[in-house]
>>> print(open('model.tsv').read())   # TSV, C-alpha atoms
chain	number	residue	atom	x	y	z
P	1	MET	CA	17.57	-17.25	-0.29
P	2	ASP	CA	21.26	-17.91	0.21
P	3	LEU	CA	23.39	-20.13	-2.03
P	4	GLY	CA	26.72	-19.08	-0.53
P	5	GLY	CA	29.35	-21.76	-1.01
P	6	LYS	CA	27.27	-23.83	-3.41
P	7	VAL	CA	28.54	-24.79	-6.86
P	8	ALA	CA	26.12	-24.60	-9.77
P	9	VAL	CA	26.66	-26.08	-13.22
P	10	VAL	CA	24.57	-24.28	-15.84
P	11	THR	CA	24.59	-25.79	-19.31
P	12	GLY	CA	24.12	-23.53	-22.30
P	13	ALA	CA	25.02	-20.54	-20.16
P	14	SER	CA	26.58	-18.29	-22.80
P	15	ARG	CA	23.36	-16.39	-23.55
P	16	GLY	CA	19.64	-16.03	-22.99
P	17	ILE	CA	18.03	-17.99	-20.19
P	18	GLY	CA	21.29	-19.77	-19.32
P	19	ARG	CA	23.14	-16.49	-18.83
P	20	ALA	CA	20.31	-15.09	-16.69
P	21	VAL	CA	20.31	-18.23	-14.56
P	22	ALA	CA	24.09	-18.07	-14.08
P	23	GLU	CA	23.93	-14.42	-13.06
P	24	THR	CA	20.96	-14.91	-10.72
P	25	LEU	CA	22.54	-17.88	-8.92
P	26	ALA	CA	25.78	-15.92	-8.61
P	27	GLY	CA	23.85	-13.04	-7.09
P	28	LEU	CA	22.73	-15.43	-4.35
P	29	GLY	CA	26.32	-16.46	-3.64
P	30	ALA	CA	26.82	-19.58	-5.78
P	31	ASN	CA	30.01	-20.24	-7.69
P	32	VAL	CA	28.97	-20.94	-11.28
P	33	VAL	CA	30.26	-23.25	-13.99
P	34	VAL	CA	29.49	-21.62	-17.33
P	35	ASN	CA	29.08	-24.37	-19.90
P	36	TYR	CA	28.97	-23.60	-23.60
P	37	VAL	CA	29.52	-25.46	-26.85
P	38	GLY	CA	30.31	-22.88	-29.53
P	39	ASN	CA	30.51	-19.21	-28.53
P	40	ALA	CA	33.54	-18.79	-26.28
P	41	GLU	CA	33.33	-14.99	-26.30
P	42	ALA	CA	29.73	-15.00	-25.09
P	43	ALA	CA	30.59	-17.57	-22.40
P	44	GLU	CA	33.40	-15.34	-21.12
P	45	GLU	CA	30.94	-12.43	-21.03
P	46	THR	CA	28.68	-14.51	-18.80
P	47	ALA	CA	31.64	-15.44	-16.60
P	48	ALA	CA	32.57	-11.76	-16.25
P	49	LEU	CA	29.04	-10.98	-15.06
P	50	VAL	CA	29.28	-13.81	-12.52
P	51	ARG	CA	32.67	-12.70	-11.22
P	52	GLY	CA	31.40	-9.14	-10.97
P	53	LEU	CA	29.03	-10.41	-8.27
P	54	GLY	CA	31.92	-11.53	-6.09
P	55	VAL	CA	31.90	-15.27	-6.74
P	56	GLN	CA	33.94	-17.65	-8.87
P	57	ALA	CA	33.18	-18.61	-12.46
P	58	LEU	CA	34.62	-21.55	-14.36
P	59	VAL	CA	34.11	-21.61	-18.13
P	60	ILE	CA	34.04	-25.06	-19.73
P	61	GLN	CA	33.39	-25.96	-23.34
P	62	ALA	CA	31.53	-29.25	-23.62
P	63	ASP	CA	28.85	-30.64	-25.90
P	64	VAL	CA	26.20	-32.10	-23.58
P	65	ALA	CA	25.24	-34.55	-26.32
P	66	ASP	CA	28.64	-36.24	-25.84
P	67	GLN	CA	28.93	-38.34	-22.66
P	68	GLU	CA	32.74	-38.25	-22.60
P	69	GLN	CA	32.81	-34.45	-22.84
P	70	VAL	CA	30.24	-34.20	-20.06
P	71	ASN	CA	32.20	-36.57	-17.82
P	72	ASN	CA	35.36	-34.58	-18.42
P	73	MET	CA	33.51	-31.35	-17.58
P	74	MET	CA	32.19	-32.71	-14.30
P	75	GLN	CA	35.64	-34.01	-13.37
P	76	GLN	CA	37.07	-30.58	-14.04
P	77	VAL	CA	34.40	-29.04	-11.80
P	78	LEU	CA	35.23	-31.46	-8.99
P	79	GLN	CA	38.94	-30.78	-9.35
P	80	GLU	CA	38.31	-27.03	-9.13
P	81	PHE	CA	35.61	-26.88	-6.45
P	82	GLY	CA	35.39	-30.35	-4.91
P	83	ARG	CA	31.59	-30.42	-5.17
P	84	ILE	CA	28.56	-30.10	-7.44
P	85	ASP	CA	25.44	-28.89	-5.65
P	86	ILE	CA	23.18	-27.57	-8.40
P	87	LEU	CA	22.71	-28.69	-11.99
P	88	VAL	CA	20.62	-26.64	-14.40
P	89	ASN	CA	20.01	-28.54	-17.64
P	90	ASN	CA	19.37	-25.58	-19.91
P	91	ALA	CA	21.30	-26.38	-23.11
P	92	GLY	CA	18.98	-26.68	-26.06
P	93	ILE	CA	18.79	-26.34	-29.84
P	94	THR	CA	16.05	-26.20	-32.46
P	95	ARG	CA	15.88	-27.78	-35.91
P	96	ASP	CA	12.35	-26.85	-36.96
P	97	ASN	CA	10.39	-28.32	-39.85
P	98	LEU	CA	7.11	-30.05	-40.56
P	99	LEU	CA	7.48	-33.76	-39.95
P	100	PRO	CA	7.34	-34.92	-43.61
P	101	ARG	CA	10.25	-32.58	-44.33
P	102	MET	CA	12.21	-33.16	-41.13
P	103	ARG	CA	15.51	-34.91	-41.69
P	104	GLU	CA	16.38	-37.75	-39.35
P	105	GLN	CA	19.62	-36.02	-38.40
P	106	ASP	CA	17.64	-32.95	-37.30
P	107	TRP	CA	15.37	-35.11	-35.14
P	108	ASP	CA	18.41	-36.82	-33.62
P	109	ALA	CA	20.34	-33.60	-33.04
P	110	VAL	CA	17.50	-32.07	-31.02
P	111	MET	CA	16.94	-35.26	-29.04
P	112	ASN	CA	20.64	-35.71	-28.33
P	113	THR	CA	21.15	-32.17	-27.02
P	114	ASN	CA	17.81	-31.35	-25.41
P	115	LEU	CA	16.96	-34.70	-23.82
P	116	LYS	CA	19.95	-37.02	-23.90
P	117	GLY	CA	22.16	-34.12	-22.81
P	118	ALA	CA	20.15	-33.86	-19.61
P	119	TYR	CA	20.64	-37.59	-19.06
P	120	HIS	CA	24.40	-37.26	-19.53
P	121	CYS	CA	24.69	-34.31	-17.17
P	122	ALA	CA	22.39	-35.64	-14.46
P	123	LYS	CA	24.10	-39.03	-14.46
P	124	ALA	CA	27.52	-37.42	-13.98
P	125	ALA	CA	26.38	-34.83	-11.41
P	126	LEU	CA	24.43	-37.29	-9.28
P	127	ARG	CA	27.56	-39.05	-8.04
P	128	PRO	CA	28.87	-36.11	-5.97
P	129	MET	CA	25.32	-35.14	-4.98
P	130	LEU	CA	24.68	-38.62	-3.59
P	131	LYS	CA	27.95	-38.50	-1.71
P	132	ALA	CA	27.01	-35.13	-0.19
P	133	HIS	CA	23.43	-36.22	0.50
P	134	TRP	CA	22.23	-32.94	-1.02
P	135	GLY	CA	21.49	-31.77	-4.54
P	136	ARG	CA	19.28	-29.74	-6.81
P	137	ILE	CA	18.60	-30.65	-10.43
P	138	ILE	CA	16.48	-28.24	-12.47
P	139	ASN	CA	15.55	-29.14	-16.03
P	140	ILE	CA	14.50	-26.38	-18.42
P	141	SER	CA	11.60	-27.64	-20.52
P	142	SER	CA	9.29	-25.52	-22.71
P	143	VAL	CA	5.65	-24.58	-23.01
P	144	VAL	CA	5.55	-26.45	-26.32
P	145	ALA	CA	6.00	-29.64	-24.28
P	146	LEU	CA	2.52	-28.98	-22.90
P	147	SER	CA	0.78	-27.62	-26.00
P	148	GLY	CA	2.76	-28.80	-29.02
P	149	ASN	CA	3.73	-26.49	-31.87
P	150	PRO	CA	3.61	-26.95	-35.66
P	151	GLY	CA	7.07	-27.57	-37.08
P	152	GLN	CA	8.56	-28.44	-33.69
P	153	SER	CA	7.65	-32.08	-33.17
P	154	ASN	CA	11.28	-32.92	-32.34
P	155	TYR	CA	11.65	-30.01	-29.91
P	156	ALA	CA	8.28	-30.62	-28.26
P	157	ALA	CA	8.98	-34.34	-27.88
P	158	ALA	CA	12.39	-33.71	-26.30
P	159	LYS	CA	11.08	-31.07	-23.91
P	160	ALA	CA	8.11	-33.27	-22.95
P	161	GLY	CA	10.57	-36.07	-22.32
P	162	LEU	CA	12.37	-33.81	-19.84
P	163	ILE	CA	9.21	-33.61	-17.76
P	164	GLY	CA	8.93	-37.40	-17.48
P	165	PHE	CA	12.67	-37.57	-16.79
P	166	THR	CA	12.25	-35.00	-14.02
P	167	LYS	CA	9.46	-36.89	-12.27
P	168	SER	CA	11.29	-40.21	-12.46
P	169	LEU	CA	14.53	-38.82	-11.02
P	170	ALA	CA	12.57	-37.08	-8.27
P	171	LYS	CA	11.19	-40.45	-7.16
P	172	GLU	CA	14.55	-42.19	-7.47
P	173	PHE	CA	16.56	-39.73	-5.38
P	174	GLY	CA	14.17	-37.91	-3.05
P	175	SER	CA	15.21	-40.14	-0.16
P	176	ARG	CA	18.78	-38.89	-0.61
P	177	ASN	CA	17.79	-35.23	-0.19
P	178	ILE	CA	18.13	-34.53	-3.91
P	179	THR	CA	15.25	-32.61	-5.46
P	180	VAL	CA	14.52	-32.66	-9.18
P	181	ASN	CA	12.14	-30.17	-10.76
P	182	ALA	CA	11.39	-28.69	-14.16
P	183	VAL	CA	10.82	-25.11	-15.22
P	184	VAL	CA	8.66	-24.59	-18.29
P	185	PRO	CA	9.25	-21.20	-19.92
P	186	GLY	CA	6.70	-19.71	-22.25
P	187	TYR	CA	7.77	-17.33	-24.98
P	188	ILE	CA	10.83	-15.54	-23.65
P	189	ALA	CA	12.59	-12.58	-25.26
P	190	THR	CA	15.82	-14.31	-26.33
P	191	ASP	CA	17.77	-14.85	-29.55
P	192	MET	CA	15.34	-17.68	-30.36
P	193	THR	CA	12.36	-15.31	-30.44
P	194	ALA	CA	14.16	-12.25	-31.84
P	195	ASP	CA	13.65	-13.41	-35.43
P	196	LEU	CA	9.86	-13.64	-35.15
P	197	SER	CA	7.97	-11.24	-37.40
P	198	GLY	CA	5.92	-8.43	-35.89
P	199	GLU	CA	2.75	-10.25	-36.91
P	200	ASN	CA	3.86	-13.46	-35.20
P	201	LYS	CA	4.85	-11.58	-32.04
P	202	ALA	CA	1.48	-9.82	-31.94
P	203	GLN	CA	-0.28	-13.17	-32.31
P	204	LEU	CA	1.78	-14.62	-29.47
P	205	LEU	CA	1.12	-11.67	-27.18
P	206	SER	CA	-2.62	-11.97	-27.75
P	207	SER	CA	-2.47	-15.42	-26.11
P	208	VAL	CA	-0.53	-14.22	-23.04
P	209	PRO	CA	-2.77	-12.82	-20.28
P	210	LEU	CA	0.09	-10.69	-18.90
P	211	GLY	CA	0.44	-9.10	-22.35
P	212	ARG	CA	4.21	-9.36	-22.76
P	213	LEU	CA	6.96	-11.75	-23.66
P	214	GLY	CA	8.81	-13.10	-20.67
P	215	ALA	CA	12.33	-12.01	-19.80
P	216	PRO	CA	15.15	-14.49	-19.15
P	217	GLU	CA	15.24	-13.18	-15.59
P	218	ASP	CA	11.64	-14.35	-15.05
P	219	VAL	CA	12.78	-17.91	-15.66
P	220	ALA	CA	16.02	-17.47	-13.72
P	221	LYS	CA	14.17	-16.43	-10.57
P	222	ALA	CA	12.08	-19.60	-10.65
P	223	VAL	CA	15.25	-21.65	-11.08
P	224	ALA	CA	16.91	-19.85	-8.17
P	225	PHE	CA	13.93	-20.59	-5.93
P	226	LEU	CA	14.04	-24.30	-6.79
P	227	ALA	CA	17.80	-24.35	-6.18
P	228	SER	CA	17.44	-22.90	-2.70
P	229	ASP	CA	16.47	-24.31	0.67
P	230	TRP	CA	13.21	-22.41	0.34
P	231	ALA	CA	12.13	-25.16	-2.08
P	232	GLY	CA	13.55	-28.00	-0.01
P	233	TYR	CA	10.17	-29.78	0.17
P	234	ILE	CA	9.36	-29.41	-3.53
P	235	THR	CA	10.35	-32.17	-5.93
P	236	GLY	CA	8.97	-33.73	-9.08
P	237	HIS	CA	7.08	-30.58	-9.98
P	238	VAL	CA	6.72	-28.52	-13.12
P	239	ILE	CA	6.79	-24.73	-12.66
P	240	VAL	CA	5.30	-22.97	-15.67
P	241	VAL	CA	6.65	-19.47	-16.32
P	242	ASP	CA	4.58	-18.31	-19.27
P	243	GLY	CA	2.54	-15.26	-18.25
P	244	GLY	CA	-0.55	-17.44	-18.04
P	245	MET	CA	-0.50	-18.56	-21.67
P	246	ALA	CA	-0.94	-22.29	-21.05
P	247	MET	CA	-3.59	-22.19	-18.35
>>> encode(input="model.tsv", output="structure tokens")
Amino acid sequence: MDLGGKVAVVTGASRGIGRAVAETLAGLGANVVVNYVGNAEAAEETAALVRGLGVQALVIQADVADQEQVNNMMQQVLQEFGRIDILVNNAGITRDNLLPRMREQDWDAVMNTNLKGAYHCAKAALRPMLKAHWGRIINISSVVALSGNPGQSNYAAAKAGLIGFTKSLAKEFGSRNITVNAVVPGYIATDMTADLSGENKAQLLSSVPLGRLGAPEDVAKAVAFLASDWAGYITGHVIVVDGGMAM
């Protein structure tokens, strides 16, 4: 797989899966836009890893829930590189609670970042992709989109929405040589899972046939495959990276 000369925008790339995706795409030759919203130091750490692989990194702060900020980010990318080839919609937040206790603002915050953010980014990135007659959009969903999870109705709904969004865009733009796919991570060893108790982790592992939590790199490799020409005839699909948990 060779992504030399391509430009990849990775949202939420300051840590976890986003950082692993940025580093993996860079390792295949892509220049990477490291998007973040809050942690500038972590974003610069990601950029340093990318540059260490011999490609360019551009760090941009933008809240994907805000259309104007997203538009400004994409314009900055085009000014710097003149193209956008790959978009990885990875940015996501959680605001967990049982539904009777869930505040409306927590429902809206998760929807606006996890689902509407993908809409904002895809809409802005599609313009240069259509002009180039080539593009890759990869949306990062979650295994809870397939199974549900108590206390995460907002997160599950947003991530399930990404799957329908993926399939619709794949049908809209396949004729223009733009593929759109989703990657569905299971339980991955990131900051989001670090706070789980030992008992909860043991319970999770008992449901995973491979017997371990996933690593961010496991997800990143699936993203890299979908971003490459090796996956040029794959669109509208959902790749589940969960160690067999959801089968």
>>> residues_around(input="model.tsv", residues="P:Leu58", least_positions_apart="4", cutoff="7 Å", atoms="only C-alpha atoms", output="CSV table (one decimal) with C-alpha atoms, in the frame of the given file")
chain,number,residue,atom,x,y,z
P,32,VAL,CA,29.0,-20.9,-11.3
P,33,VAL,CA,30.3,-23.2,-14.0
P,34,VAL,CA,29.5,-21.6,-17.3
>>> residues_around(input="model.tsv", residues="stretch 116-125 of chain P", least_positions_apart="4", cutoff="10 Å", atoms="only C-alpha atoms", output="number ranges by chain")
P: 9, 11, 63-75, 77-78, 83-92, 108-112, 129-130, 135-140, 158, 161-162, 165-166, 169, 180
>>> closest_residue(input="model.tsv", among="P:Leu28, P:Gln152, P:Lys201, P:Glu45", to="P:Arg101", atoms="only C-alpha atoms")
P:Gln152
>>> atom_distance(input="model.tsv", atom1="atom CA of P:Lys131", atom2="atom CA of P:Asn181")
20.0 Å
>>> atom_distance(input="model.tsv", atom1="atom CA of P:Ile17", atom2="atom CA of P:Asn114")
14.3 Å
>>> closest_residue(input="model.tsv", among="P:Gly232, P:Pro128, P:Gly5, P:Gly18", to="P:Thr179", atoms="all atoms listed in the file")
P:Gly232
>>> closest_residue(input="model.tsv", among="P:Ala189, P:Ala231, P:Leu99, P:Ala132", to="P:Gly151", atoms="only C-alpha atoms")
P:Leu99
>>> atom_distance(input="model.tsv", atom1="atom CA of P:Trp230", atom2="atom CA of P:Lys159")
25.8 Å
>>> closest_residue(input="model.tsv", among="P:Pro209, P:Pro185, P:Gly12, P:Gly174", to="P:Ile234", atoms="all atoms listed in the file")
P:Gly174
>>> closest_residue(input="model.tsv", among="P:Gly236, P:Gly186, P:Gly214, P:Pro100", to="P:Ser153", atoms="only C-alpha atoms")
P:Pro100
>>> closest_residue(input="model.tsv", among="P:Ile239, P:Leu49, P:Ala30, P:Ala202", to="P:Leu3", atoms="all atoms listed in the file")
P:Ala30
>>> residues_around(input="model.tsv", residues="P:Asp2", least_positions_apart="4", cutoff="10 Å", atoms="only C-alpha atoms", output="VMD selection string")
chain P and resid 6 25 27 to 30 224 to 225 227 to 230
>>> axis_aligned_box(input="model.tsv", around="stretch 207-221 of chain P", padding_each_side="5 Å", output="lines of an AutoDock Vina configuration file")
center_x = 6.6
center_y = -13.5
center_z = -18.3
size_x = 28.8
size_y = 18.8
size_z = 25.5
